[in-house]
Amino acid sequence: MGKKKKVQIGSIDSTGFEARHVSQYFLQRSEQDKPIYARFHPKLTVICDCETHLIHGFHATKGPKPDNRQLQPTLKKTITEIDKLLGDAGFDGEPNHRICREENNIRSFFPPLIGRPTQKPPSGYWRRKMKHYFNDPQ
């Protein structure tokens, strides 16, 4: 078996899907006295190549749940090597940066926006690096 292709820039994101034949929006707008709410829905986390949009890994779960806990199982199911991984603030967290950078040799870029707004720098090493990176005017 040959060497795996390396993806230069990959991205990760999650989305939830409707589990019923009618949307949640329709149920809320309907003329019923008591609207019906779905408690759970299918959730899909995907890692794809930013250049080709080819999906290289995915993880399906039952939602709603936070995105940050979906990174590790999705990375385990990824079929290619990734050089850089971009994600939104939902994947922010020192453990996710360590999983990417120290365990998988992937340069992760997640904006450090989780938590209460403060003037103090983020507590973790990688989150402080991201704060500097995202605030740098270059």
# chains A, B, ... in the order shown; residues from 1 in each chain; ligands from 1

call {"tool": "residues_around", "arguments": {"residues": "region 114-130 of chain A", "least_positions_apart": "2", "cutoff": "8 Å", "atoms": "only C-alpha atoms", "output": "ChimeraX atom specification"}}
result
/A:89-90,92-94,97-98,109-112,132-134

call {"tool": "write_last_selection", "arguments": {"atoms": "N, CA, C and O atoms", "output": "PDB file, in the first residue's frame"}}
result
ATOM      1  N   ALA A  89     -15.511  28.433  16.056  1.00  0.00           N
ATOM      2  CA  ALA A  89     -15.299  28.530  17.503  1.00  0.00           C
ATOM      3  C   ALA A  89     -15.912  27.357  18.263  1.00  0.00           C
ATOM      4  O   ALA A  89     -15.543  27.113  19.412  1.00  0.00           O
ATOM      5  N   GLY A  90     -16.801  26.611  17.655  1.00  0.00           N
ATOM      6  CA  GLY A  90     -17.375  25.447  18.316  1.00  0.00           C
ATOM      7  C   GLY A  90     -16.341  24.377  18.624  1.00  0.00           C
ATOM      8  O   GLY A  90     -16.531  23.557  19.519  1.00  0.00           O
ATOM      9  N   ASP A  92     -13.203  25.181  19.476  1.00  0.00           N
ATOM     10  CA  ASP A  92     -12.194  25.809  20.324  1.00  0.00           C
ATOM     11  C   ASP A  92     -12.060  25.044  21.638  1.00  0.00           C
ATOM     12  O   ASP A  92     -13.038  24.560  22.191  1.00  0.00           O
ATOM     13  N   GLY A  93     -10.852  24.931  22.094  1.00  0.00           N
ATOM     14  CA  GLY A  93     -10.569  24.288  23.372  1.00  0.00           C
ATOM     15  C   GLY A  93      -9.152  23.741  23.364  1.00  0.00           C
ATOM     16  O   GLY A  93      -8.677  23.226  22.346  1.00  0.00           O
ATOM     17  N   GLU A  94      -8.480  23.880  24.476  1.00  0.00           N
ATOM     18  CA  GLU A  94      -7.104  23.407  24.581  1.00  0.00           C
ATOM     19  C   GLU A  94      -6.982  21.908  24.280  1.00  0.00           C
ATOM     20  O   GLU A  94      -6.068  21.500  23.576  1.00  0.00           O
ATOM     21  N   HIS A  97      -6.859  21.369  20.483  1.00  0.00           N
ATOM     22  CA  HIS A  97      -5.577  21.775  19.896  1.00  0.00           C
ATOM     23  C   HIS A  97      -4.500  20.731  20.194  1.00  0.00           C
ATOM     24  O   HIS A  97      -3.683  20.407  19.327  1.00  0.00           O
ATOM     25  N   ARG A  98      -4.497  20.184  21.401  1.00  0.00           N
ATOM     26  CA  ARG A  98      -3.500  19.156  21.738  1.00  0.00           C
ATOM     27  C   ARG A  98      -3.726  17.884  20.928  1.00  0.00           C
ATOM     28  O   ARG A  98      -2.775  17.258  20.467  1.00  0.00           O
ATOM     29  N   PHE A 109      -6.460  25.461  13.620  1.00  0.00           N
ATOM     30  CA  PHE A 109      -6.799  26.876  13.681  1.00  0.00           C
ATOM     31  C   PHE A 109      -8.278  27.001  14.034  1.00  0.00           C
ATOM     32  O   PHE A 109      -9.142  26.860  13.171  1.00  0.00           O
ATOM     33  N   PHE A 110      -8.554  27.235  15.319  1.00  0.00           N
ATOM     34  CA  PHE A 110      -9.911  27.443  15.818  1.00  0.00           C
ATOM     35  C   PHE A 110      -9.908  28.766  16.579  1.00  0.00           C
ATOM     36  O   PHE A 110      -9.106  28.935  17.498  1.00  0.00           O
ATOM     37  N   PRO A 111     -10.770  29.723  16.246  1.00  0.00           N
ATOM     38  CA  PRO A 111     -10.748  30.997  16.960  1.00  0.00           C
ATOM     39  C   PRO A 111     -11.091  30.805  18.436  1.00  0.00           C
ATOM     40  O   PRO A 111     -12.030  30.082  18.769  1.00  0.00           O
ATOM     41  N   PRO A 112     -10.335  31.435  19.343  1.00  0.00           N
ATOM     42  CA  PRO A 112     -10.533  31.239  20.787  1.00  0.00           C
ATOM     43  C   PRO A 112     -11.666  32.108  21.325  1.00  0.00           C
ATOM     44  O   PRO A 112     -11.444  33.078  22.042  1.00  0.00           O
ATOM     45  N   HIS A 132      -3.371  35.304  19.642  1.00  0.00           N
ATOM     46  CA  HIS A 132      -2.356  36.144  18.988  1.00  0.00           C
ATOM     47  C   HIS A 132      -2.508  36.051  17.461  1.00  0.00           C
ATOM     48  O   HIS A 132      -2.467  37.063  16.753  1.00  0.00           O
ATOM     49  N   TYR A 133      -2.712  34.854  16.956  1.00  0.00           N
ATOM     50  CA  TYR A 133      -2.833  34.645  15.506  1.00  0.00           C
ATOM     51  C   TYR A 133      -4.045  35.366  14.929  1.00  0.00           C
ATOM     52  O   TYR A 133      -3.963  36.037  13.905  1.00  0.00           O
ATOM     53  N   PHE A 134      -5.207  35.236  15.581  1.00  0.00           N
ATOM     54  CA  PHE A 134      -6.419  35.832  15.050  1.00  0.00           C
ATOM     55  C   PHE A 134      -6.491  37.341  15.268  1.00  0.00           C
ATOM     56  O   PHE A 134      -7.233  38.022  14.593  1.00  0.00           O
TER      57      PHE A 134
END

call {"tool": "residues_around", "arguments": {"residues": "Asp67 (chain A)", "least_positions_apart": "2", "cutoff": "8 Å", "atoms": "only C-alpha atoms", "output": "list in words"}}
result
Asp13, Ser14, Lys65, Arg69, Gln70, Leu71, Gly90 and Phe91 of chain A

call {"tool": "closest_residue", "arguments": {"among": "A:Gly87, A:Gly10, A:Pro73, A:Gly16", "to": "His59 (chain A)", "atoms": "only C-alpha atoms"}}
result
A:Pro73

call {"tool": "select_by_dssp", "arguments": {"residues": "chain A", "states": "strand (DSSP E)", "output": "NGL selection string"}}
result
:A and (6-16 or 41-49 or 55-63 or 81-87 or 107-109)

call {"tool": "write_last_selection", "arguments": {"atoms": "N, CA and C atoms", "output": "short mmCIF file (atom, residue, chain, number, x, y, z; two decimals), in the first residue's frame"}}
result
data_model
loop_
_atom_site.label_atom_id
_atom_site.label_comp_id
_atom_site.auth_asym_id
_atom_site.auth_seq_id
_atom_site.Cartn_x
_atom_site.Cartn_y
_atom_site.Cartn_z
N LYS A 6 -1.69 13.67 1.27
CA LYS A 6 -1.79 14.64 2.35
C LYS A 6 -2.63 15.82 1.90
N VAL A 7 -3.64 16.14 2.67
CA VAL A 7 -4.50 17.28 2.41
C VAL A 7 -3.81 18.51 3.01
N GLN A 8 -3.62 19.54 2.20
CA GLN A 8 -2.94 20.75 2.69
C GLN A 8 -3.79 21.51 3.69
N ILE A 9 -5.03 21.82 3.34
CA ILE A 9 -5.93 22.56 4.22
C ILE A 9 -7.27 21.83 4.27
N GLY A 10 -7.63 21.38 5.45
CA GLY A 10 -8.92 20.73 5.66
C GLY A 10 -9.78 21.58 6.57
N SER A 11 -11.07 21.35 6.53
CA SER A 11 -11.97 22.07 7.43
C SER A 11 -12.90 21.07 8.10
N ILE A 12 -13.35 21.45 9.30
CA ILE A 12 -14.25 20.60 10.06
C ILE A 12 -15.46 21.44 10.47
N ASP A 13 -16.63 20.84 10.38
CA ASP A 13 -17.84 21.50 10.85
C ASP A 13 -18.91 20.45 11.12
N SER A 14 -19.91 20.86 11.88
CA SER A 14 -21.02 19.99 12.25
C SER A 14 -22.34 20.63 11.85
N THR A 15 -23.33 19.79 11.63
CA THR A 15 -24.67 20.29 11.37
C THR A 15 -25.69 19.28 11.88
N GLY A 16 -26.86 19.78 12.21
CA GLY A 16 -27.95 18.92 12.63
C GLY A 16 -28.97 18.79 11.52
N HIS A 41 -31.98 14.94 17.32
CA HIS A 41 -31.90 14.95 15.86
C HIS A 41 -30.56 14.35 15.44
N PRO A 42 -30.48 13.87 14.21
CA PRO A 42 -29.18 13.38 13.72
C PRO A 42 -28.20 14.54 13.56
N LYS A 43 -26.95 14.31 13.94
CA LYS A 43 -25.90 15.32 13.82
C LYS A 43 -24.73 14.71 13.08
N LEU A 44 -24.18 15.47 12.13
CA LEU A 44 -23.08 14.99 11.31
C LEU A 44 -21.92 15.96 11.40
N THR A 45 -20.73 15.43 11.71
CA THR A 45 -19.49 16.20 11.71
C THR A 45 -18.66 15.71 10.55
N VAL A 46 -18.15 16.65 9.74
CA VAL A 46 -17.46 16.32 8.50
C VAL A 46 -16.11 17.02 8.44
N ILE A 47 -15.08 16.30 7.96
CA ILE A 47 -13.79 16.90 7.63
C ILE A 47 -13.64 16.81 6.11
N CYS A 48 -13.40 17.96 5.48
CA CYS A 48 -13.27 17.94 4.02
C CYS A 48 -12.05 18.74 3.59
N ASP A 49 -11.61 18.49 2.37
CA ASP A 49 -10.49 19.19 1.75
C ASP A 49 -11.01 20.54 1.25
N ILE A 55 -14.89 14.94 0.88
CA ILE A 55 -15.04 14.57 2.29
C ILE A 55 -14.03 13.47 2.61
N HIS A 56 -13.21 13.70 3.64
CA HIS A 56 -12.18 12.74 4.04
C HIS A 56 -12.50 12.02 5.34
N GLY A 57 -13.49 12.47 6.06
CA GLY A 57 -13.89 11.81 7.29
C GLY A 57 -15.20 12.37 7.80
N PHE A 58 -15.98 11.52 8.47
CA PHE A 58 -17.22 12.01 9.06
C PHE A 58 -17.55 11.18 10.29
N HIS A 59 -18.40 11.76 11.15
CA HIS A 59 -18.83 11.08 12.36
C HIS A 59 -20.29 11.46 12.59
N ALA A 60 -21.17 10.49 12.65
CA ALA A 60 -22.59 10.73 12.86
C ALA A 60 -22.96 10.40 14.30
N THR A 61 -23.73 11.29 14.93
CA THR A 61 -24.17 11.09 16.31
C THR A 61 -25.60 11.57 16.46
N LYS A 62 -26.09 11.44 17.68
CA LYS A 62 -27.40 11.96 18.03
C LYS A 62 -27.19 13.32 18.69
N GLY A 63 -27.82 14.36 18.18
CA GLY A 63 -27.66 15.70 18.74
C GLY A 63 -28.87 16.10 19.53
N GLU A 81 -4.07 12.07 5.55
CA GLU A 81 -3.33 12.93 6.45
C GLU A 81 -3.68 14.38 6.15
N ILE A 82 -3.73 15.20 7.19
CA ILE A 82 -4.09 16.61 7.04
C ILE A 82 -2.96 17.46 7.59
N ASP A 83 -2.59 18.49 6.84
CA ASP A 83 -1.54 19.40 7.30
C ASP A 83 -2.11 20.47 8.21
N LYS A 84 -3.15 21.20 7.75
CA LYS A 84 -3.79 22.25 8.54
C LYS A 84 -5.28 21.95 8.62
N LEU A 85 -5.87 22.20 9.80
CA LEU A 85 -7.30 21.98 10.00
C LEU A 85 -7.94 23.26 10.50
N LEU A 86 -8.94 23.74 9.77
CA LEU A 86 -9.66 24.96 10.13
C LEU A 86 -11.02 24.57 10.69
N GLY A 87 -11.45 25.29 11.72
CA GLY A 87 -12.77 25.05 12.29
C GLY A 87 -13.31 26.31 12.91
N ARG A 107 -1.73 21.07 12.18
CA ARG A 107 -1.78 22.45 12.66
C ARG A 107 -3.23 22.90 12.68
N SER A 108 -3.76 23.12 13.88
CA SER A 108 -5.18 23.46 14.04
C SER A 108 -5.35 24.96 14.16
N PHE A 109 -6.46 25.46 13.62
CA PHE A 109 -6.80 26.88 13.68
C PHE A 109 -8.28 27.00 14.03
#

call {"tool": "closest_residue", "arguments": {"among": "A:Arg29, A:Leu113, A:Gln72, A:Asp88", "to": "Cys100 (chain A)", "atoms": "only C-alpha atoms"}}
result
A:Gln72

call {"tool": "atom_distance", "arguments": {"atom1": "CA of Asn68 (chain A)", "atom2": "CA of Ala19 (chain A)"}}
result
22.4 Å

call {"tool": "select_by_dssp", "arguments": {"residues": "chain A", "states": "helix (DSSP H, G or I)", "output": "JSON, numbers by chain"}}
result
{"A": [24, 25, 26, 27, 28, 29, 67, 68, 69, 70, 71, 72, 73, 74, 75, 76, 89, 90, 91, 94, 95, 96, 97, 98, 99, 100, 101, 102, 103, 125, 126, 127, 128, 129, 130, 131, 132, 133, 134, 135]}

call {"tool": "decode", "arguments": {"residues": "region 56-76 of chain A", "atoms": "N, CA, C and O atoms", "output": "JSON list (two decimals), in the first residue's frame"}}
result
[["chain", "number", "residue", "atom", "x", "y", "z"],
["A", 56, "HIS", "N", -13.21, 13.70, 3.64],
["A", 56, "HIS", "CA", -12.18, 12.74, 4.04],
["A", 56, "HIS", "C", -12.50, 12.02, 5.34],
["A", 56, "HIS", "O", -11.82, 11.07, 5.69],
["A", 57, "GLY", "N", -13.49, 12.47, 6.06],
["A", 57, "GLY", "CA", -13.89, 11.81, 7.29],
["A", 57, "GLY", "C", -15.20, 12.37, 7.80],
["A", 57, "GLY", "O", -15.51, 13.54, 7.56],
["A", 58, "PHE", "N", -15.98, 11.52, 8.47],
["A", 58, "PHE", "CA", -17.22, 12.01, 9.06],
["A", 58, "PHE", "C", -17.55, 11.18, 10.29],
["A", 58, "PHE", "O", -17.04, 10.08, 10.49],
["A", 59, "HIS", "N", -18.40, 11.76, 11.15],
["A", 59, "HIS", "CA", -18.83, 11.08, 12.36],
["A", 59, "HIS", "C", -20.29, 11.46, 12.59],
["A", 59, "HIS", "O", -20.61, 12.64, 12.69],
["A", 60, "ALA", "N", -21.17, 10.49, 12.65],
["A", 60, "ALA", "CA", -22.59, 10.73, 12.86],
["A", 60, "ALA", "C", -22.96, 10.40, 14.30],
["A", 60, "ALA", "O", -22.53, 9.37, 14.84],
["A", 61, "THR", "N", -23.73, 11.29, 14.93],
["A", 61, "THR", "CA", -24.17, 11.09, 16.31],
["A", 61, "THR", "C", -25.60, 11.57, 16.46],
["A", 61, "THR", "O", -26.20, 12.07, 15.52],
["A", 62, "LYS", "N", -26.09, 11.44, 17.68],
["A", 62, "LYS", "CA", -27.40, 11.96, 18.03],
["A", 62, "LYS", "C", -27.19, 13.32, 18.69],
["A", 62, "LYS", "O", -26.44, 13.43, 19.65],
["A", 63, "GLY", "N", -27.82, 14.36, 18.18],
["A", 63, "GLY", "CA", -27.66, 15.70, 18.74],
["A", 63, "GLY", "C", -28.87, 16.10, 19.53],
["A", 63, "GLY", "O", -29.81, 15.31, 19.67],
["A", 64, "PRO", "N", -28.92, 17.24, 20.09],
["A", 64, "PRO", "CA", -27.87, 18.27, 20.07],
["A", 64, "PRO", "C", -26.78, 17.97, 21.09],
["A", 64, "PRO", "O", -27.05, 17.44, 22.16],
["A", 65, "LYS", "N", -25.56, 18.30, 20.72],
["A", 65, "LYS", "CA", -24.42, 18.22, 21.63],
["A", 65, "LYS", "C", -23.34, 19.16, 21.11],
["A", 65, "LYS", "O", -23.34, 19.53, 19.94],
["A", 66, "PRO", "N", -22.42, 19.58, 21.98],
["A", 66, "PRO", "CA", -21.40, 20.55, 21.56],
["A", 66, "PRO", "C", -20.47, 19.98, 20.48],
["A", 66, "PRO", "O", -20.16, 18.79, 20.47],
["A", 67, "ASP", "N", -20.00, 20.86, 19.60],
["A", 67, "ASP", "CA", -19.10, 20.46, 18.53],
["A", 67, "ASP", "C", -17.74, 20.01, 19.05],
["A", 67, "ASP", "O", -17.12, 19.12, 18.48],
["A", 68, "ASN", "N", -17.26, 20.61, 20.13],
["A", 68, "ASN", "CA", -15.88, 20.36, 20.56],
["A", 68, "ASN", "C", -15.61, 18.90, 20.92],
["A", 68, "ASN", "O", -14.48, 18.45, 20.85],
["A", 69, "ARG", "N", -16.62, 18.14, 21.29],
["A", 69, "ARG", "CA", -16.42, 16.73, 21.62],
["A", 69, "ARG", "C", -16.46, 15.82, 20.39],
["A", 69, "ARG", "O", -16.25, 14.62, 20.49],
["A", 70, "GLN", "N", -16.73, 16.39, 19.23],
["A", 70, "GLN", "CA", -16.83, 15.60, 18.01],
["A", 70, "GLN", "C", -15.54, 15.56, 17.21],
["A", 70, "GLN", "O", -15.42, 14.81, 16.25],
["A", 71, "LEU", "N", -14.53, 16.34, 17.62],
["A", 71, "LEU", "CA", -13.30, 16.40, 16.85],
["A", 71, "LEU", "C", -12.53, 15.09, 16.86],
["A", 71, "LEU", "O", -12.16, 14.57, 15.81],
["A", 72, "GLN", "N", -12.29, 14.53, 18.03],
["A", 72, "GLN", "CA", -11.46, 13.32, 18.12],
["A", 72, "GLN", "C", -12.07, 12.13, 17.38],
["A", 72, "GLN", "O", -11.38, 11.48, 16.60],
["A", 73, "PRO", "N", -13.36, 11.81, 17.59],
["A", 73, "PRO", "CA", -13.90, 10.67, 16.83],
["A", 73, "PRO", "C", -13.92, 10.90, 15.32],
["A", 73, "PRO", "O", -13.76, 9.95, 14.55],
["A", 74, "THR", "N", -14.07, 12.14, 14.89],
["A", 74, "THR", "CA", -14.05, 12.43, 13.46],
["A", 74, "THR", "C", -12.64, 12.28, 12.90],
["A", 74, "THR", "O", -12.45, 11.73, 11.82],
["A", 75, "LEU", "N", -11.64, 12.75, 13.65],
["A", 75, "LEU", "CA", -10.25, 12.58, 13.20],
["A", 75, "LEU", "C", -9.86, 11.11, 13.09],
["A", 75, "LEU", "O", -9.12, 10.73, 12.19],
["A", 76, "LYS", "N", -10.36, 10.28, 14.00],
["A", 76, "LYS", "CA", -10.04, 8.84, 13.96],
["A", 76, "LYS", "C", -10.58, 8.18, 12.70],
["A", 76, "LYS", "O", -10.02, 7.21, 12.22]]
